[in-house]
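Asks: Pasting query.cif below, which is mmCIF, C-alpha atoms.
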```cif
data_my_file
loop_
_atom_site.label_atom_id
_atom_site.label_comp_id
_atom_site.auth_asym_id
_atom_site.auth_seq_id
_atom_site.Cartn_x
_atom_site.Cartn_y
_atom_site.Cartn_z
CA MET A 259 36.07 4.68 12.81
CA LYS A 260 34.11 2.03 10.90
CA LYS A 261 36.01 -0.80 12.66
CA ILE A 262 35.38 0.80 16.06
CA ALA A 263 31.65 1.04 15.32
CA ILE A 264 31.45 -2.63 14.27
CA ALA A 265 33.39 -3.72 17.36
CA ALA A 266 31.14 -1.66 19.63
CA ILE A 267 27.95 -3.12 18.16
CA ALA A 268 29.31 -6.66 18.39
CA MET A 269 30.40 -6.21 22.00
CA LEU A 270 27.01 -4.80 23.05
CA PHE A 271 25.09 -7.58 21.29
CA ILE A 272 27.22 -10.26 22.97
CA ALA A 273 26.73 -8.59 26.32
CA SER A 274 22.97 -8.37 25.90
CA LEU A 275 22.76 -12.08 25.05
CA SER A 276 25.05 -13.27 27.83
CA LEU A 277 23.55 -11.36 30.75
CA ASN A 278 20.50 -12.61 32.60
CA ALA A 279 17.42 -10.39 32.67
CA GLN A 280 16.92 -8.43 35.83
CA ASP A 281 13.75 -6.79 37.07
CA SER A 282 14.06 -3.02 36.76
CA ALA A 283 12.53 -2.64 40.23
CA THR A 284 15.76 -4.09 41.76
CA MET A 285 18.07 -1.80 39.83
CA LYS A 286 19.59 1.36 41.27
CA VAL A 287 18.59 4.70 39.80
CA HIS A 288 21.31 7.19 38.90
CA THR A 289 20.63 10.80 38.05
CA PHE A 290 23.54 11.17 35.62
CA GLN A 291 25.85 8.90 33.64
CA ILE A 292 28.61 9.71 31.16
CA GLY A 293 30.92 7.33 29.36
CA PHE A 294 32.96 6.55 26.27
CA ILE A 295 31.89 2.95 25.73
CA THR A 296 30.65 0.55 28.41
CA PRO A 297 32.32 -0.23 30.80
CA LEU A 298 34.48 2.87 30.31
CA SER A 299 31.88 5.07 31.98
CA SER A 300 30.94 6.65 35.29
CA ASN A 301 28.84 3.55 36.10
CA GLY A 302 31.71 1.21 35.26
CA LEU A 303 31.14 -2.56 35.35
CA ASP A 304 27.80 -2.07 37.06
CA SER A 305 26.28 -0.17 34.10
CA TRP A 306 23.79 -2.94 33.24
CA ASN A 307 22.37 -2.75 36.78
CA ARG A 308 21.76 1.00 36.65
CA ILE A 309 18.74 2.99 35.48
CA ASN A 310 19.85 6.43 34.32
CA LYS A 311 17.79 9.60 34.28
CA PHE A 312 20.25 11.43 32.06
CA SER A 313 22.91 9.56 30.11
CA ILE A 314 25.61 10.48 27.59
CA ASN A 315 27.63 7.84 25.69
CA ILE A 316 30.38 9.31 23.54
CA LEU A 317 30.53 6.08 21.49
CA ALA A 318 28.08 3.46 22.82
CA GLY A 319 26.58 2.28 26.08
CA PHE A 320 24.82 -0.63 27.78
CA ALA A 321 22.54 0.22 30.72
CA GLY A 322 19.82 -1.38 32.79
CA GLY A 323 17.29 1.21 31.66
CA ILE A 324 16.51 4.84 30.97
CA HIS A 325 13.94 6.88 32.90
CA GLY A 326 14.71 10.17 31.19
CA VAL A 327 16.95 11.02 28.22
CA GLU A 328 19.96 9.33 26.65
CA PHE A 329 22.34 10.48 23.91
CA SER A 330 24.79 8.10 22.19
CA GLY A 331 27.24 8.75 19.39
CA LEU A 332 26.76 5.29 17.86
CA GLY A 333 24.27 3.27 19.84
CA SER A 334 22.60 2.16 23.04
CA VAL A 335 21.42 -1.17 24.49
CA LEU A 336 18.99 -1.34 27.43
CA LYS A 337 18.47 -4.51 29.44
CA SER A 338 15.06 -3.42 30.75
CA ASP A 339 12.77 -0.48 30.00
CA LEU A 340 12.84 2.92 28.36
CA ARG A 341 10.66 5.65 29.85
CA GLY A 342 11.66 8.78 28.03
CA ALA A 343 13.75 9.32 24.90
CA GLN A 344 16.83 7.87 23.18
CA PHE A 345 18.96 9.59 20.55
CA SER A 346 21.66 7.54 18.79
CA GLY A 347 23.73 7.96 15.67
CA LEU A 348 23.25 4.34 14.55
CA PHE A 349 21.10 2.07 16.73
CA ASN A 350 18.91 1.64 19.81
CA ILE A 351 18.17 -1.80 21.25
CA ILE A 352 15.76 -2.44 24.14
CA SER A 353 15.16 -5.84 25.74
CA GLY A 354 12.22 -4.58 27.81
CA ASN A 355 9.31 -2.24 27.15
CA ALA A 356 9.41 1.29 25.81
CA ILE A 357 7.26 4.29 26.67
CA GLY A 358 8.49 7.37 24.86
CA ALA A 359 10.54 8.09 21.74
CA GLN A 360 13.52 6.58 19.93
CA PHE A 361 15.62 8.30 17.30
CA ALA A 362 18.38 6.40 15.45
CA GLY A 363 20.35 6.95 12.29
CA LEU A 364 19.92 3.31 11.22
CA VAL A 365 17.98 0.91 13.48
CA ASN A 366 15.61 0.75 16.46
CA ILE A 367 14.89 -2.70 17.91
CA ASN A 368 12.51 -3.42 20.79
CA ALA A 369 11.85 -6.86 22.26
CA GLY A 370 8.98 -5.76 24.50
CA LYS A 371 5.87 -3.62 24.26
CA VAL A 372 6.09 -0.14 22.80
CA ASN A 373 3.92 2.87 23.45
CA GLY A 374 5.37 5.86 21.70
CA PHE A 375 7.34 6.99 18.68
CA GLN A 376 10.21 5.48 16.67
CA THR A 377 12.11 7.03 13.80
CA SER A 378 15.20 5.72 12.02
CA GLY A 379 17.02 6.01 8.74
CA LEU A 380 16.49 2.33 7.88
CA VAL A 381 14.61 -0.07 10.17
CA ASN A 382 12.28 -0.11 13.18
CA ILE A 383 11.43 -3.48 14.73
CA ASN A 384 8.98 -4.11 17.60
CA ALA A 385 8.63 -7.76 18.58
CA ASP A 386 5.65 -7.20 20.89
CA THR A 387 2.48 -5.10 20.70
CA THR A 388 2.82 -1.49 19.65
CA SER A 389 0.73 1.62 20.23
CA GLY A 390 2.18 4.62 18.51
CA LEU A 391 4.09 5.56 15.39
CA GLN A 392 7.00 4.11 13.42
CA SER A 393 8.86 6.04 10.75
CA GLY A 394 11.64 4.21 8.91
CA GLY A 395 13.41 4.74 5.63
CA LEU A 396 13.37 1.05 4.64
CA LEU A 397 11.24 -1.13 6.95
CA ASN A 398 8.88 -0.94 9.90
CA TYR A 399 7.85 -4.14 11.68
CA ALA A 400 5.45 -4.57 14.60
CA SER A 401 3.19 -7.27 15.94
CA GLY A 402 0.30 -4.73 16.31
CA THR A 403 -2.05 -3.49 17.59
CA LYS A 404 -2.48 0.31 17.25
CA VAL A 405 0.47 1.37 15.17
CA THR A 406 0.81 3.97 12.43
CA GLN A 407 3.71 3.25 10.09
CA PHE A 408 5.49 5.43 7.53
CA SER A 409 8.21 3.84 5.39
CA GLY A 410 10.00 4.58 2.17
CA PHE A 411 9.77 0.89 1.24
CA SER A 412 7.70 -1.47 3.42
CA ASN A 413 5.58 -1.82 6.56
CA ILE A 414 4.76 -5.17 8.20
CA VAL A 415 2.38 -6.01 11.04
CA SER A 416 2.29 -9.68 12.01
CA GLY A 417 -1.01 -9.49 13.95
CA ASN A 418 -4.07 -7.23 14.01
CA ASN A 419 -3.67 -3.52 13.51
CA LYS A 420 -5.88 -0.50 14.16
CA GLY A 421 -3.92 2.20 12.43
CA PHE A 422 -2.44 3.49 9.19
CA GLN A 423 0.31 2.14 6.96
CA ILE A 424 1.92 4.37 4.33
CA ALA A 425 4.78 2.89 2.28
CA GLY A 426 6.57 3.60 -0.95
CA PHE A 427 6.29 -0.04 -2.05
CA ILE A 428 4.45 -2.59 0.15
CA ASN A 429 2.23 -2.86 3.24
CA ILE A 430 1.36 -6.13 5.01
CA VAL A 431 -1.03 -6.83 7.88
CA ALA A 432 -1.07 -10.58 8.47
CA LYS A 433 -4.40 -10.68 10.28
CA LYS A 434 -6.97 -7.86 10.46
CA CYS A 435 -6.48 -4.28 9.30
CA SER A 436 -8.91 -1.82 10.86
CA GLY A 437 -7.68 1.37 9.31
CA ALA A 438 -5.92 2.25 6.06
CA GLN A 439 -3.11 0.93 3.87
CA VAL A 440 -1.54 3.22 1.27
CA ALA A 441 1.31 1.84 -0.85
CA GLY A 442 3.05 2.72 -4.06
CA PHE A 443 2.71 -0.87 -5.28
CA PHE A 444 1.06 -3.57 -3.12
CA ASN A 445 -1.16 -3.88 -0.03
CA TYR A 446 -2.06 -7.16 1.71
CA THR A 447 -4.23 -7.94 4.71
CA GLY A 448 -5.95 -11.07 5.96
CA LYS A 449 -9.15 -9.20 6.80
CA LEU A 450 -10.03 -5.64 5.84
CA ASN A 451 -12.16 -3.25 7.84
CA GLY A 452 -11.09 0.02 6.26
CA VAL A 453 -9.46 1.09 3.01
CA GLN A 454 -6.58 -0.01 0.79
CA ILE A 455 -5.04 2.33 -1.77
CA GLY A 456 -2.32 0.94 -4.01
CA PHE A 457 -1.45 -0.26 -7.50
CA LEU A 458 -2.30 -3.83 -6.40
CA ASN A 459 -4.46 -4.78 -3.39
CA TYR A 460 -5.27 -8.18 -1.95
CA THR A 461 -7.38 -9.23 1.03
CA ASP A 462 -8.58 -12.68 2.06
CA SER A 463 -11.78 -11.37 3.61
CA LEU A 464 -13.61 -8.06 3.33
CA GLU A 465 -15.44 -7.17 6.53
CA LYS A 466 -16.21 -3.54 5.78
CA GLY A 467 -14.55 -0.99 3.55
CA VAL A 468 -13.09 -0.89 0.06
CA PRO A 469 -9.79 -1.50 -1.78
CA ILE A 470 -8.93 1.12 -4.42
CA GLY A 471 -6.22 0.55 -7.00
CA PHE A 472 -5.33 -0.50 -10.51
CA LEU A 473 -6.24 -4.08 -9.57
CA SER A 474 -7.82 -5.32 -6.35
CA PHE A 475 -8.47 -8.94 -5.44
CA VAL A 476 -10.83 -9.84 -2.60
CA LYS A 477 -11.30 -13.52 -1.84
CA ASN A 478 -14.91 -13.04 -0.73
CA GLY A 479 -15.44 -9.94 -2.88
CA TYR A 480 -16.73 -9.32 -6.38
CA SER A 481 -15.42 -10.91 -9.58
CA ALA A 482 -17.15 -11.46 -12.91
CA LEU A 483 -16.42 -12.35 -16.51
CA GLU A 484 -18.60 -10.59 -19.06
CA ILE A 485 -19.09 -11.41 -22.74
CA GLY A 486 -21.09 -8.89 -24.72
CA VAL A 487 -21.62 -6.60 -27.69
CA THR A 488 -21.64 -2.83 -28.13
CA GLU A 489 -22.45 -0.44 -30.93
CA THR A 490 -18.73 0.05 -31.64
CA LEU A 491 -17.09 -3.27 -30.73
CA TYR A 492 -19.13 -6.26 -31.85
CA GLY A 493 -17.43 -8.64 -29.44
CA VAL A 494 -16.23 -7.62 -25.98
CA MET A 495 -14.83 -9.66 -23.09
CA SER A 496 -14.29 -7.97 -19.72
CA PHE A 497 -12.98 -9.18 -16.35
CA LYS A 498 -14.12 -7.35 -13.23
CA THR A 499 -12.45 -7.71 -9.83
CA GLY A 500 -12.69 -5.96 -6.46
CA THR A 501 -15.85 -5.20 -4.52
CA ARG A 502 -19.36 -4.33 -5.58
CA GLN A 503 -18.82 -0.76 -4.42
CA PHE A 504 -15.65 -0.36 -6.52
CA TYR A 505 -14.18 -2.81 -9.00
CA ASN A 506 -11.51 -2.73 -11.71
CA ILE A 507 -12.16 -3.72 -15.31
CA LEU A 508 -9.78 -5.29 -17.84
CA SER A 509 -11.36 -5.50 -21.27
CA ILE A 510 -10.63 -6.47 -24.88
CA GLY A 511 -12.87 -6.18 -27.91
CA GLY A 512 -13.00 -6.31 -31.65
CA GLY A 513 -15.11 -5.34 -34.64
CA THR A 514 -15.04 -3.97 -38.17
CA ARG A 515 -15.77 -0.58 -39.66
CA ASP A 516 -15.72 0.36 -43.33
CA GLY A 517 -13.99 -2.92 -44.15
CA LEU A 518 -11.24 -2.27 -41.57
CA SER A 519 -10.68 -4.52 -38.56
CA LEU A 520 -10.73 -2.96 -35.09
CA PHE A 521 -8.94 -4.43 -32.09
CA ALA A 522 -9.19 -2.69 -28.69
CA TRP A 523 -7.83 -3.20 -25.22
CA GLY A 524 -8.93 -1.14 -22.27
CA TYR A 525 -9.09 -0.49 -18.57
CA GLY A 526 -11.81 0.95 -16.38
CA VAL A 527 -13.58 1.09 -13.06
CA GLY A 528 -17.15 0.58 -12.01
CA SER A 529 -19.72 0.04 -9.31
CA PHE A 530 -22.58 -2.44 -8.94
CA ILE A 531 -25.77 -1.44 -7.12
CA PRO A 532 -27.95 -4.42 -6.07
CA VAL A 533 -31.68 -4.07 -6.59
CA GLY A 534 -33.24 -6.94 -4.72
CA LYS A 535 -31.72 -10.45 -4.76
CA LYS A 536 -31.50 -10.99 -8.52
CA ALA A 537 -31.41 -7.55 -10.16
CA GLY A 538 -28.83 -4.80 -10.18
CA ILE A 539 -27.44 -1.75 -11.95
CA SER A 540 -23.82 -1.40 -13.11
CA ILE A 541 -22.16 1.95 -13.78
CA ASP A 542 -18.89 1.45 -15.68
CA MET A 543 -16.28 3.80 -17.14
CA ILE A 544 -13.79 2.28 -19.58
CA SER A 545 -11.12 3.72 -21.85
CA TYR A 546 -9.94 1.67 -24.88
CA GLN A 547 -6.99 2.14 -27.17
CA VAL A 548 -8.46 1.18 -30.55
CA ASN A 549 -6.07 -0.29 -33.10
CA GLU A 550 -7.22 0.02 -36.70
CA GLY A 551 -6.10 -2.62 -39.19
CA GLU A 552 -3.08 -3.51 -37.06
CA TRP A 553 -2.18 -4.87 -33.63
CA PHE A 554 -1.13 -1.47 -32.37
CA THR A 555 -1.95 2.00 -33.63
CA ASN A 556 0.89 4.20 -32.43
CA GLN A 557 -1.14 7.43 -32.41
CA LEU A 558 -3.73 8.45 -29.85
CA ASN A 559 -6.95 6.61 -30.75
CA LEU A 560 -9.14 6.31 -27.66
CA LEU A 561 -12.69 5.14 -27.17
CA ASN A 562 -13.98 6.37 -23.81
CA LYS A 563 -17.24 4.85 -22.62
CA ILE A 564 -19.65 5.43 -19.77
CA HIS A 565 -22.36 2.83 -19.74
CA VAL A 566 -25.20 2.03 -17.38
CA THR A 567 -26.66 -1.46 -17.58
CA ALA A 568 -29.43 -3.28 -15.78
CA SER A 569 -28.92 -6.96 -15.00
CA TRP A 570 -31.00 -9.98 -14.02
CA LYS A 571 -29.59 -13.15 -12.48
CA PHE A 572 -31.59 -16.07 -13.81
CA ALA A 573 -29.18 -18.87 -12.79
CA LYS A 574 -26.58 -19.37 -10.05
CA HIS A 575 -23.63 -18.38 -12.21
CA LEU A 576 -25.35 -16.68 -15.14
CA THR A 577 -26.63 -13.10 -15.42
CA ILE A 578 -27.89 -11.18 -18.45
CA PHE A 579 -27.42 -7.42 -18.80
CA ALA A 580 -28.30 -4.62 -21.19
CA GLY A 581 -28.17 -0.84 -21.14
CA LEU A 582 -27.19 2.47 -22.69
CA SER A 583 -23.83 4.15 -23.12
CA TRP A 584 -22.27 7.49 -23.95
CA ASN A 585 -19.12 7.39 -26.07
CA ALA A 586 -16.33 9.83 -26.80
CA ALA A 587 -13.78 8.90 -29.48
CA VAL A 588 -10.61 10.97 -29.12
CA SER A 589 -8.14 10.53 -31.99
CA ASP A 590 -5.00 12.03 -33.44
CA ILE A 591 -5.94 12.29 -37.11
CA THR A 592 -2.33 12.38 -38.32
CA ASP A 593 -0.19 9.32 -39.01
CA GLU A 594 3.48 8.82 -38.11
CA TYR A 595 4.45 10.92 -41.15
CA GLY A 596 2.17 13.81 -40.21
CA ASP A 597 -0.35 13.15 -42.99
CA ILE A 598 -4.09 13.50 -42.29
CA VAL A 599 -5.89 10.16 -41.99
CA VAL A 600 -9.46 9.04 -41.35
CA ARG A 601 -10.22 7.32 -38.06
CA HIS A 602 -12.90 4.64 -38.02
CA ILE A 603 -13.98 4.27 -34.37
CA ALA A 604 -17.32 6.04 -34.36
CA PRO A 605 -20.23 4.42 -36.26
CA TRP A 606 -22.10 7.74 -36.01
CA SER A 607 -21.83 10.97 -34.05
CA VAL A 608 -23.87 13.78 -32.55
CA PHE A 609 -20.73 15.85 -31.92
CA ASP A 610 -17.72 16.09 -34.24
CA GLU A 611 -14.98 18.64 -33.67
CA THR A 612 -11.31 18.82 -34.74
CA TYR A 613 -8.98 21.05 -32.75
CA ASP A 614 -5.81 22.92 -33.74
CA ASP A 615 -3.49 20.11 -32.61
CA HIS A 616 -5.23 17.66 -35.01
CA ILE A 617 -7.15 15.97 -32.21
CA ASN A 618 -10.62 14.95 -33.31
CA VAL A 619 -13.43 14.32 -30.81
CA LYS A 620 -16.61 12.49 -31.77
CA MET A 621 -19.40 11.80 -29.26
CA TYR A 622 -22.37 9.53 -29.72
CA PRO A 623 -24.88 7.39 -27.78
CA GLY A 624 -24.82 3.61 -27.86
CA ILE A 625 -25.94 0.34 -26.35
CA SER A 626 -24.34 -2.67 -24.67
CA ALA A 627 -25.65 -6.11 -23.80
CA GLY A 628 -24.34 -9.52 -22.87
CA ILE A 629 -23.99 -12.22 -20.24
CA ARG A 630 -22.11 -12.18 -16.97
CA LEU A 631 -20.47 -15.30 -15.51
#
```
Represent the structure of the file as structure tokens.
Replies:
Amino acid sequence: MKKIAIAAIAMLFIASLSLNAQDSATMKVHTFQIGFITPLSSNGLDSWNRINKFSINILAGFAGGIHGVEFSGLGSVLKSDLRGAQFSGLFNIISGNAIGAQFAGLVNINAGKVNGFQTSGLVNINADTTSGLQSGGLLNYASGTKVTQFSGFSNIVSGNNKGFQIAGFINIVAKKCSGAQVAGFFNYTGKLNGVQIGFLNYTDSLEKGVPIGFLSFVKNGYSALEIGVTETLYGVMSFKTGTRQFYNILSIGGGTRDGLSLFAWGYGVGSFIPVGKKAGISIDMISYQVNEGEWFTNQLNLLNKIHVTASWKFAKHLTIFAGLSWNAAVSDITDEYGDIVVRHIAPWSVFDETYDDHINVKMYPGISAGIRL
């Protein structure tokens, strides 16, 4: 059966490449067609010059077009247009335009314009503009312009797109995305007028909207390097990237407490609110894992900070900032052997409570200040 399927696909591809295109207006319309594999069918050798309203291919078929419904055990190739629906076990291939729906176990391929719905187990490919929906297990590709794509792995639009992309791994719009991209790992667009949600996001130009993820890079967006001090960590360096409305923060810091060195690394998010041309307010939330006297403390030892700072830009690439913070140190006060230990994050506290699972929470106010590059 596998050899028959491969031979059928090869024969239909060769036929589609060797035959000259014919205008569907000159083709004859047949109400019904049934066959095993072209040309073993009721349309015989003239199958590629026939438009069928209802067609059944036990194995595979090659027709001029479909203005209705077609069912194929393995696959179907159309020389001109689809106006209706195709159902195939493996593949559908259309050289013309499609208005309607395609369902295939593996692949749908369209060379012309598509206005409708495609679903397949692996791949949907539209070489021309698309208005509608693609749902593929592995890959959806379209040149645009109003297409919504759902894929287990990746979606690609080579032009502009006004629609949604939802993928398990990666979404790409080569030009402008006016809609939304949601991916399990990475989103890319040349220009964004909408929203990106993914682990990593990248856009060359932000027109309107916001990327949201673990890390977002916007070529004309917001990026800053901050060097500062806090009440807990005496030296802190943070990198911010994204947009002013929503940016990601990667941060490291160090200090000492009770003769013990502290080394912390953290991640957070924030937002910058401009106040005039030179001033602004930043609202940041960061969580640090604090390592005490070693490069890595294996137990839970978190410093969670919310700080609000005011800033003033007094040179082209130099801004000063200062503000207040609220801190919550959350620590497991047992070591790897289960013995009770003293944690040294908090310099003082206004709240100190230890719970039954040996988790200690200390809360206290603080300050932060520094320069922004």
Asks: So which residues touch A:Leu364 within 6 Å, counting only C-alpha atoms, skipping near sequence neighbours fewer than 3 positions away, as a PyMOL selection string?
Replies: chain A and resi 348-349+378-380
Asks: Per residue of stretch 410-517 of chain A within 9 Å of stretch 599-612 of chain A, record the nearest atom pair and its distance in Å to one decimal, counting all atoms listed in the file, with rows in chain order and ascending residue number, as JSON lines.
Replies:
```
{"residue": "A:Glu489", "atom": "CA", "partner": "A:Pro605", "partner_atom": "CA", "distance": 7.5}
{"residue": "A:Thr490", "atom": "CA", "partner": "A:Pro605", "partner_atom": "CA", "distance": 6.5}
{"residue": "A:Leu491", "atom": "CA", "partner": "A:Ile603", "partner_atom": "CA", "distance": 8.9}
{"residue": "A:Thr514", "atom": "CA", "partner": "A:His602", "partner_atom": "CA", "distance": 8.9}
{"residue": "A:Arg515", "atom": "CA", "partner": "A:His602", "partner_atom": "CA", "distance": 6.2}
{"residue": "A:Asp516", "atom": "CA", "partner": "A:His602", "partner_atom": "CA", "distance": 7.4}
```
Asks: Could you state which residues are captured by the PyMOL selection byres ((chain A and resi 617) around 10) in this file, as a CSV table (one decimal) with C-alpha atoms, keeping the file's coordinate frame?
Replies:
```csv
chain,number,residue,atom,x,y,z
A,558,LEU,CA,-3.7,8.4,-29.8
A,559,ASN,CA,-7.0,6.6,-30.8
A,588,VAL,CA,-10.6,11.0,-29.1
A,589,SER,CA,-8.1,10.5,-32.0
A,590,ASP,CA,-5.0,12.0,-33.4
A,591,ILE,CA,-5.9,12.3,-37.1
A,592,THR,CA,-2.3,12.4,-38.3
A,611,GLU,CA,-15.0,18.6,-33.7
A,612,THR,CA,-11.3,18.8,-34.7
A,613,TYR,CA,-9.0,21.0,-32.8
A,614,ASP,CA,-5.8,22.9,-33.7
A,615,ASP,CA,-3.5,20.1,-32.6
A,616,HIS,CA,-5.2,17.7,-35.0
A,618,ASN,CA,-10.6,15.0,-33.3
A,619,VAL,CA,-13.4,14.3,-30.8
```
Asks: I need the residue set behind the PyMOL selection byres ((chain A and resi 501) around 9) for this file; please write it as an MDAnalysis selection string.
Replies: chainID A and resid 464 468:469 474:476 478:481 499:500 502:506 529:530
Asks: For A:Asp339, which residue among A:Met495, A:Ala441, A:Ala385, A:Ile351 is the nearest when counting only C-alpha atoms?
Replies: A:Ile351
Asks: Can you work out the spacing between atom CA of A:Leu396 and atom CA of A:Val381 in Å, to one decimal?
Replies: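 About the pair atom CA of A:Leu396 and atom CA of A:Val381: they are 5.8 Å apart.
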